[in-house]
$ cat query.txt   # compact mmCIF, C-alpha atoms
# COMPACT_ATOMS: atom_id res chain seq x y z
CA MET X 14 -33.44 -4.02 11.44
CA GLY X 15 -30.95 -6.86 11.82
CA ALA X 16 -30.09 -6.80 8.11
CA TYR X 17 -29.60 -3.03 8.14
CA ASN X 18 -27.44 -3.14 11.27
CA GLY X 19 -25.37 -5.95 9.75
CA LEU X 20 -24.70 -3.83 6.65
CA VAL X 21 -23.71 -0.86 8.80
CA LYS X 22 -21.36 -3.09 10.80
CA LEU X 23 -19.70 -4.35 7.61
CA ARG X 24 -19.42 -0.85 6.16
CA ASN X 25 -17.71 0.31 9.36
CA LYS X 26 -15.35 -2.68 9.26
CA ILE X 27 -14.33 -1.65 5.75
CA GLU X 28 -13.66 1.91 6.89
CA SER X 29 -11.58 0.62 9.80
CA ALA X 30 -9.65 -1.77 7.53
CA PHE X 31 -8.89 1.05 5.10
CA ALA X 32 -7.66 3.17 7.99
CA GLN X 33 -5.24 0.38 8.93
CA ILE X 34 -3.91 0.30 5.37
CA ASP X 35 -3.46 4.04 5.61
CA VAL X 36 -1.49 3.72 8.86
CA GLN X 37 0.93 1.26 7.27
CA LEU X 38 1.26 3.30 4.08
CA ASN X 39 2.06 6.40 6.14
CA ARG X 40 4.72 4.43 8.00
CA ARG X 41 6.27 3.47 4.67
CA HIS X 42 6.04 7.06 3.43
CA ASP X 43 7.87 8.22 6.56
CA LEU X 44 10.70 5.69 6.08
CA ILE X 45 11.36 6.51 2.43
CA PRO X 46 13.06 9.92 2.87
CA ASN X 47 15.51 8.32 5.33
CA LEU X 48 16.25 5.56 2.86
CA VAL X 49 16.81 8.03 0.03
CA GLU X 50 19.17 10.14 2.16
CA THR X 51 21.17 7.05 3.11
CA VAL X 52 21.48 5.94 -0.52
CA LYS X 53 22.43 9.45 -1.69
CA GLY X 54 25.70 9.27 0.19
CA TYR X 55 26.76 6.14 -1.68
CA ALA X 56 25.11 6.43 -5.07
CA THR X 57 25.36 10.08 -6.01
CA HIS X 58 25.09 9.44 -9.75
CA GLU X 59 21.79 7.55 -9.29
CA ARG X 60 19.99 10.86 -8.87
CA ALA X 61 17.20 10.03 -11.35
CA THR X 62 16.25 6.88 -9.46
CA LEU X 63 16.20 8.70 -6.13
CA GLU X 64 14.17 11.59 -7.54
CA GLY X 65 11.74 9.02 -8.98
CA VAL X 66 11.29 7.48 -5.55
CA ILE X 67 10.53 10.86 -3.98
CA ALA X 68 8.09 11.75 -6.78
CA ALA X 69 6.34 8.37 -6.41
CA ARG X 70 6.17 8.84 -2.62
CA ASN X 71 4.64 12.30 -3.00
CA ALA X 72 2.06 10.97 -5.48
CA ALA X 73 1.19 8.15 -3.08
CA VAL X 74 0.77 10.56 -0.17
CA ALA X 75 -1.56 12.74 -2.28
CA ALA X 76 -3.67 9.85 -3.61
CA GLU X 77 -7.23 9.60 -2.34
CA GLY X 78 -9.52 6.60 -2.35
CA PRO X 79 -8.69 2.89 -2.66
CA GLU X 80 -8.25 2.83 -6.45
CA ALA X 81 -6.03 5.91 -6.73
CA GLN X 82 -4.04 4.92 -3.68
CA ALA X 83 -3.52 1.36 -4.93
CA GLU X 84 -2.23 2.66 -8.26
CA ALA X 85 0.13 5.19 -6.67
CA GLU X 86 1.40 2.64 -4.15
CA GLY X 87 2.10 0.19 -6.99
CA VAL X 88 4.33 2.75 -8.69
CA LEU X 89 6.07 3.47 -5.38
CA SER X 90 6.69 -0.24 -4.77
CA GLY X 91 8.34 -0.51 -8.18
CA MET X 92 10.60 2.44 -7.43
CA LEU X 93 11.59 0.97 -4.05
CA LYS X 94 12.60 -2.27 -5.78
CA GLN X 95 14.95 -0.22 -7.93
CA VAL X 96 16.52 1.39 -4.87
CA PHE X 97 17.10 -1.98 -3.26
CA ALA X 98 18.60 -3.24 -6.50
CA LEU X 99 21.10 -0.36 -6.30
CA SER X 100 22.58 -1.90 -3.17
CA GLU X 101 23.92 -4.76 -5.29
CA ALA X 102 26.06 -2.31 -7.27
CA TYR X 103 27.37 -0.52 -4.16
CA PRO X 104 28.95 -2.95 -1.68
CA ASP X 105 29.56 -0.18 0.87
CA LEU X 106 25.86 0.70 0.80
CA LYS X 107 24.91 -2.95 1.12
CA ALA X 108 27.04 -3.15 4.29
CA ASN X 109 25.74 0.11 5.79
CA THR X 110 23.86 -0.68 9.01
CA GLN X 111 21.46 2.24 8.61
CA PHE X 112 20.56 1.10 5.09
CA LEU X 113 20.10 -2.48 6.27
CA ASP X 114 17.89 -1.33 9.15
CA LEU X 115 15.75 0.82 6.84
CA GLN X 116 15.52 -2.04 4.36
CA ARG X 117 14.36 -4.39 7.15
CA GLN X 118 11.81 -1.88 8.43
CA LEU X 119 10.43 -1.34 4.92
CA SER X 120 10.23 -5.08 4.37
CA GLU X 121 8.29 -5.53 7.61
CA THR X 122 6.03 -2.63 6.65
CA GLU X 123 5.39 -4.19 3.24
CA ASP X 124 4.27 -7.37 5.02
CA ARG X 125 1.90 -5.35 7.21
CA ILE X 126 0.54 -3.53 4.17
CA ALA X 127 -0.10 -6.85 2.41
CA TYR X 128 -1.96 -8.19 5.45
CA SER X 129 -3.98 -4.97 5.79
CA ARG X 130 -4.93 -5.05 2.11
CA GLN X 131 -6.02 -8.66 2.40
CA TYR X 132 -8.14 -7.88 5.46
CA PHE X 133 -9.69 -4.88 3.68
CA ASN X 134 -10.45 -6.90 0.55
CA ASP X 135 -11.96 -9.75 2.60
CA ASN X 136 -14.32 -7.27 4.25
CA VAL X 137 -15.19 -5.67 0.90
CA ARG X 138 -16.00 -9.12 -0.51
CA THR X 139 -18.27 -9.93 2.44
CA TYR X 140 -19.98 -6.53 2.25
CA ASN X 141 -20.49 -6.66 -1.53
CA THR X 142 -21.88 -10.19 -1.28
CA LYS X 143 -24.33 -9.11 1.43
CA ILE X 144 -25.66 -6.10 -0.46
CA GLN X 145 -26.13 -8.24 -3.58
CA SER X 146 -27.88 -11.10 -1.75
CA PHE X 147 -31.58 -11.37 -1.04
CA PRO X 148 -33.14 -10.05 1.23
CA GLN X 149 -30.33 -7.65 2.22
CA SER X 150 -30.25 -6.32 -1.35
CA LEU X 151 -33.71 -4.83 -0.84
CA ILE X 152 -32.58 -2.94 2.25
CA ALA X 153 -29.21 -2.03 0.73
CA ASN X 154 -30.83 -0.47 -2.36
CA LYS X 155 -33.34 1.55 -0.33
CA MET X 156 -30.76 2.73 2.21
CA GLY X 157 -28.04 3.73 -0.23
CA PHE X 158 -25.50 0.97 0.40
CA THR X 159 -23.33 0.68 -2.71
CA GLU X 160 -20.57 -1.67 -3.76
CA ARG X 161 -17.05 -0.93 -2.60
CA ALA X 162 -13.89 -1.26 -4.69
CA TYR X 163 -11.11 -3.67 -3.83
CA PHE X 164 -7.62 -2.41 -3.05
CA GLN X 165 -5.80 -3.90 -6.05
CA ALA X 166 -2.37 -3.47 -7.51
CA ASP X 167 -2.22 -2.12 -11.04
CA GLU X 168 -0.68 -4.07 -13.91
CA ALA X 169 2.53 -2.01 -13.88
CA SER X 170 3.30 -2.89 -10.27
CA ARG X 171 2.87 -6.61 -11.00
CA ALA X 172 5.59 -6.60 -13.64
CA ASN X 173 9.23 -7.33 -12.87
CA VAL X 174 11.35 -4.26 -12.35
CA GLN X 175 14.09 -3.77 -14.94
CA VAL X 176 17.23 -2.22 -13.45
CA GLU X 177 20.28 -1.45 -15.58
CA PHE X 178 23.69 -0.27 -14.37
$ encode --input "query.txt" --output "structure tokens"
Amino acid sequence: MGAYNGLVKLRNKIESAFAQIDVQLNRRHDLIPNLVETVKGYATHERATLEGVIAARNAAVAAEGPEAQAEAEGVLSGMLKQVFALSEAYPDLKANTQFLDLQRQLSETEDRIAYSRQYFNDNVRTYNTKIQSFPQSLIANKMGFTERAYFQADEASRANVQVEF
């Protein structure tokens, strides 16, 4: 009973940790339209970049499950880097207080997302180790406990963003 209850507790911790990632991702998704609108006023000919950010945001909102969400969020992170790089080419935008505030909020949110992902992955590691270890593996197999996937960034989001003006 203790082994089973321990597995249930870990499974619930993983669900809670994923919910915290979701909260932070939703916060980021809510900030992005404001950022895009602010940039539009200064960088009107950067339409393709801004449309790419909105498309990446919409794909991230629609993604389901840790793997699909991690992939979509990686693409979105790359697009956000491009938007922030635009501020270097537009001094007025770089000095805009609303843009700076949004940039700060997104940066803080990115830090929270990173922490939430780490917490989620730590719980997944503990859970996966438990269900693979004896004697919990016997109970896990009989009771339908299966391995969980880590929330990982895809290869594309790990690469440096190339921005050309």
$ residues_near_point --input "query.txt" --point "(-1.0, -7.1, 3.9)" --cutoff "12 Å" --atoms "only C-alpha atoms" --output "MDAnalysis selection string"
chainID X and resid 30:31 33:38 120:135 164:165
$ write_last_selection --input "query.txt" --atoms "C-alpha atoms" --output "CSV table (one decimal), in the coordinates of the input"
chain,number,residue,atom,x,y,z
X,30,ALA,CA,-9.6,-1.8,7.5
X,31,PHE,CA,-8.9,1.0,5.1
X,33,GLN,CA,-5.2,0.4,8.9
X,34,ILE,CA,-3.9,0.3,5.4
X,35,ASP,CA,-3.5,4.0,5.6
X,36,VAL,CA,-1.5,3.7,8.9
X,37,GLN,CA,0.9,1.3,7.3
X,38,LEU,CA,1.3,3.3,4.1
X,120,SER,CA,10.2,-5.1,4.4
X,121,GLU,CA,8.3,-5.5,7.6
X,122,THR,CA,6.0,-2.6,6.6
X,123,GLU,CA,5.4,-4.2,3.2
X,124,ASP,CA,4.3,-7.4,5.0
X,125,ARG,CA,1.9,-5.4,7.2
X,126,ILE,CA,0.5,-3.5,4.2
X,127,ALA,CA,-0.1,-6.8,2.4
X,128,TYR,CA,-2.0,-8.2,5.4
X,129,SER,CA,-4.0,-5.0,5.8
X,130,ARG,CA,-4.9,-5.0,2.1
X,131,GLN,CA,-6.0,-8.7,2.4
X,132,TYR,CA,-8.1,-7.9,5.5
X,133,PHE,CA,-9.7,-4.9,3.7
X,134,ASN,CA,-10.4,-6.9,0.6
X,135,ASP,CA,-12.0,-9.8,2.6
X,164,PHE,CA,-7.6,-2.4,-3.0
X,165,GLN,CA,-5.8,-3.9,-6.0
$ residues_around --input "query.txt" --residues "stretch 109-119 of chain X" --least-positions-apart "4" --cutoff "10 Å" --atoms "only C-alpha atoms" --output "JSON, numbers by chain"
{"X": [40, 41, 42, 44, 45, 47, 48, 49, 50, 51, 52, 55, 93, 96, 97, 100, 104, 105, 123, 124, 125]}
$ residues_around --input "query.txt" --residues "X:Ile144" --least-positions-apart "4" --cutoff "9 Å" --atoms "only C-alpha atoms" --output "list in words"
Leu20, Thr139, Tyr140, Pro148, Gln149, Ser150, Leu151, Ile152, Ala153, Asn154, Phe158, Thr159 and Glu160 of chain X
$ atom_distance --input "query.txt" --atom1 "atom CA of X:Tyr163" --atom2 "atom CA of X:Asp43"
24.7 Å
$ closest_residue --input "query.txt" --among "X:Leu99, X:Ala61, X:Ala162, X:Ala56" --to "X:Val137" --atoms "all atoms listed in the file"
X:Ala162
$ axis_aligned_box --input "query.txt" --around "stretch 86-92 of chain X" --padding-each-side "5 Å" --output "lines of an AutoDock Vina configuration file"
center_x = 6.0
center_y = 1.5
center_z = -6.4
size_x = 19.2
size_y = 14.0
size_z = 14.5
$ decode --input "query.txt" --residues "stretch 91-122 of chain X" --atoms "N, CA, C and O atoms" --output "mmCIF file, in the first residue's frame"
data_model
loop_
_atom_site.group_PDB
_atom_site.id
_atom_site.type_symbol
_atom_site.label_atom_id
_atom_site.label_comp_id
_atom_site.auth_asym_id
_atom_site.auth_seq_id
_atom_site.Cartn_x
_atom_site.Cartn_y
_atom_site.Cartn_z
ATOM 1 N N GLY X 91 12.104 31.352 -29.916
ATOM 2 C CA GLY X 91 12.955 31.835 -31.000
ATOM 3 C C GLY X 91 12.388 33.077 -31.660
ATOM 4 O O GLY X 91 13.118 34.025 -31.973
ATOM 5 N N MET X 92 11.078 33.098 -31.857
ATOM 6 C CA MET X 92 10.436 34.259 -32.468
ATOM 7 C C MET X 92 10.514 35.479 -31.546
ATOM 8 O O MET X 92 10.711 36.599 -32.008
ATOM 9 N N LEU X 93 10.360 35.263 -30.245
ATOM 10 C CA LEU X 93 10.463 36.385 -29.303
ATOM 11 C C LEU X 93 11.866 36.984 -29.309
ATOM 12 O O LEU X 93 12.031 38.202 -29.197
ATOM 13 N N LYS X 94 12.878 36.143 -29.462
ATOM 14 C CA LYS X 94 14.252 36.646 -29.541
ATOM 15 C C LYS X 94 14.393 37.574 -30.741
ATOM 16 O O LYS X 94 15.080 38.585 -30.668
ATOM 17 N N GLN X 95 13.729 37.226 -31.832
ATOM 18 C CA GLN X 95 13.794 38.084 -33.015
ATOM 19 C C GLN X 95 13.134 39.431 -32.763
ATOM 20 O O GLN X 95 13.626 40.467 -33.206
ATOM 21 N N VAL X 96 12.014 39.430 -32.042
ATOM 22 C CA VAL X 96 11.338 40.690 -31.733
ATOM 23 C C VAL X 96 12.231 41.564 -30.853
ATOM 24 O O VAL X 96 12.355 42.772 -31.088
ATOM 25 N N PHE X 97 12.863 40.974 -29.867
ATOM 26 C CA PHE X 97 13.731 41.763 -29.005
ATOM 27 C C PHE X 97 14.954 42.267 -29.759
ATOM 28 O O PHE X 97 15.455 43.355 -29.486
ATOM 29 N N ALA X 98 15.400 41.507 -30.737
ATOM 30 C CA ALA X 98 16.514 41.965 -31.568
ATOM 31 C C ALA X 98 16.104 43.175 -32.412
ATOM 32 O O ALA X 98 16.939 44.031 -32.721
ATOM 33 N N LEU X 99 14.824 43.254 -32.768
ATOM 34 C CA LEU X 99 14.342 44.406 -33.538
ATOM 35 C C LEU X 99 14.560 45.718 -32.785
ATOM 36 O O LEU X 99 14.771 46.765 -33.398
ATOM 37 N N SER X 100 14.496 45.664 -31.479
ATOM 38 C CA SER X 100 14.626 46.901 -30.697
ATOM 39 C C SER X 100 15.987 47.552 -30.906
ATOM 40 O O SER X 100 16.121 48.765 -30.750
ATOM 41 N N GLU X 101 16.979 46.770 -31.276
ATOM 42 C CA GLU X 101 18.306 47.333 -31.531
ATOM 43 C C GLU X 101 18.292 48.217 -32.777
ATOM 44 O O GLU X 101 19.050 49.168 -32.880
ATOM 45 N N ALA X 102 17.442 47.884 -33.744
ATOM 46 C CA ALA X 102 17.382 48.647 -34.988
ATOM 47 C C ALA X 102 16.455 49.859 -34.890
ATOM 48 O O ALA X 102 16.467 50.704 -35.781
ATOM 49 N N TYR X 103 15.670 49.934 -33.827
ATOM 50 C CA TYR X 103 14.704 51.028 -33.670
ATOM 51 C C TYR X 103 14.914 51.697 -32.316
ATOM 52 O O TYR X 103 14.319 51.288 -31.319
ATOM 53 N N PRO X 104 15.769 52.719 -32.268
ATOM 54 C CA PRO X 104 16.072 53.365 -30.981
ATOM 55 C C PRO X 104 14.837 53.898 -30.253
ATOM 56 O O PRO X 104 14.777 53.845 -29.027
ATOM 57 N N ASP X 105 13.849 54.394 -31.014
ATOM 58 C CA ASP X 105 12.639 54.897 -30.362
ATOM 59 C C ASP X 105 11.887 53.769 -29.659
ATOM 60 O O ASP X 105 11.336 53.961 -28.573
ATOM 61 N N LEU X 106 11.869 52.604 -30.285
ATOM 62 C CA LEU X 106 11.218 51.442 -29.667
ATOM 63 C C LEU X 106 11.982 51.019 -28.421
ATOM 64 O O LEU X 106 11.383 50.726 -27.388
ATOM 65 N N LYS X 107 13.289 51.014 -28.529
ATOM 66 C CA LYS X 107 14.130 50.611 -27.399
ATOM 67 C C LYS X 107 13.924 51.526 -26.194
ATOM 68 O O LYS X 107 14.067 51.109 -25.056
ATOM 69 N N ALA X 108 13.547 52.784 -26.436
ATOM 70 C CA ALA X 108 13.332 53.751 -25.357
ATOM 71 C C ALA X 108 11.882 53.795 -24.880
ATOM 72 O O ALA X 108 11.591 54.433 -23.879
ATOM 73 N N ASN X 109 10.985 53.109 -25.571
ATOM 74 C CA ASN X 109 9.565 53.137 -25.227
ATOM 75 C C ASN X 109 9.336 52.426 -23.893
ATOM 76 O O ASN X 109 9.708 51.262 -23.726
ATOM 77 N N THR X 110 8.718 53.119 -22.942
ATOM 78 C CA THR X 110 8.539 52.537 -21.605
ATOM 79 C C THR X 110 7.612 51.330 -21.619
ATOM 80 O O THR X 110 7.823 50.380 -20.864
ATOM 81 N N GLN X 111 6.593 51.355 -22.469
ATOM 82 C CA GLN X 111 5.689 50.207 -22.542
ATOM 83 C C GLN X 111 6.433 48.983 -23.075
ATOM 84 O O GLN X 111 6.290 47.885 -22.555
ATOM 85 N N PHE X 112 7.254 49.165 -24.092
ATOM 86 C CA PHE X 112 8.045 48.069 -24.637
ATOM 87 C C PHE X 112 9.001 47.536 -23.578
ATOM 88 O O PHE X 112 9.121 46.318 -23.385
ATOM 89 N N LEU X 113 9.677 48.437 -22.879
ATOM 90 C CA LEU X 113 10.620 48.010 -21.844
ATOM 91 C C LEU X 113 9.915 47.247 -20.727
ATOM 92 O O LEU X 113 10.440 46.252 -20.219
ATOM 93 N N ASP X 114 8.722 47.715 -20.351
ATOM 94 C CA ASP X 114 7.960 47.024 -19.306
ATOM 95 C C ASP X 114 7.539 45.628 -19.775
ATOM 96 O O ASP X 114 7.660 44.651 -19.031
ATOM 97 N N LEU X 115 7.054 45.534 -21.005
ATOM 98 C CA LEU X 115 6.669 44.221 -21.547
ATOM 99 C C LEU X 115 7.877 43.297 -21.648
ATOM 100 O O LEU X 115 7.792 42.109 -21.348
ATOM 101 N N GLN X 116 8.999 43.855 -22.077
ATOM 102 C CA GLN X 116 10.223 43.056 -22.186
ATOM 103 C C GLN X 116 10.637 42.525 -20.807
ATOM 104 O O GLN X 116 11.001 41.359 -20.666
ATOM 105 N N ARG X 117 10.548 43.385 -19.788
ATOM 106 C CA ARG X 117 10.884 42.961 -18.426
ATOM 107 C C ARG X 117 9.930 41.870 -17.936
ATOM 108 O O ARG X 117 10.362 40.867 -17.375
ATOM 109 N N GLN X 118 8.631 42.078 -18.170
ATOM 110 C CA GLN X 118 7.649 41.083 -17.735
ATOM 111 C C GLN X 118 7.878 39.742 -18.432
ATOM 112 O O GLN X 118 7.778 38.685 -17.797
ATOM 113 N N LEU X 119 8.174 39.784 -19.728
ATOM 114 C CA LEU X 119 8.431 38.534 -20.449
ATOM 115 C C LEU X 119 9.698 37.859 -19.946
ATOM 116 O O LEU X 119 9.752 36.636 -19.830
ATOM 117 N N SER X 120 10.700 38.644 -19.630
ATOM 118 C CA SER X 120 11.941 38.084 -19.096
ATOM 119 C C SER X 120 11.694 37.398 -17.747
ATOM 120 O O SER X 120 12.170 36.287 -17.502
ATOM 121 N N GLU X 121 10.932 38.057 -16.883
ATOM 122 C CA GLU X 121 10.587 37.451 -15.593
ATOM 123 C C GLU X 121 9.767 36.180 -15.791
ATOM 124 O O GLU X 121 9.960 35.184 -15.086
ATOM 125 N N THR X 122 8.851 36.217 -16.755
ATOM 126 C CA THR X 122 8.022 35.042 -17.030
ATOM 127 C C THR X 122 8.873 33.896 -17.558
ATOM 128 O O THR X 122 8.666 32.737 -17.183
#
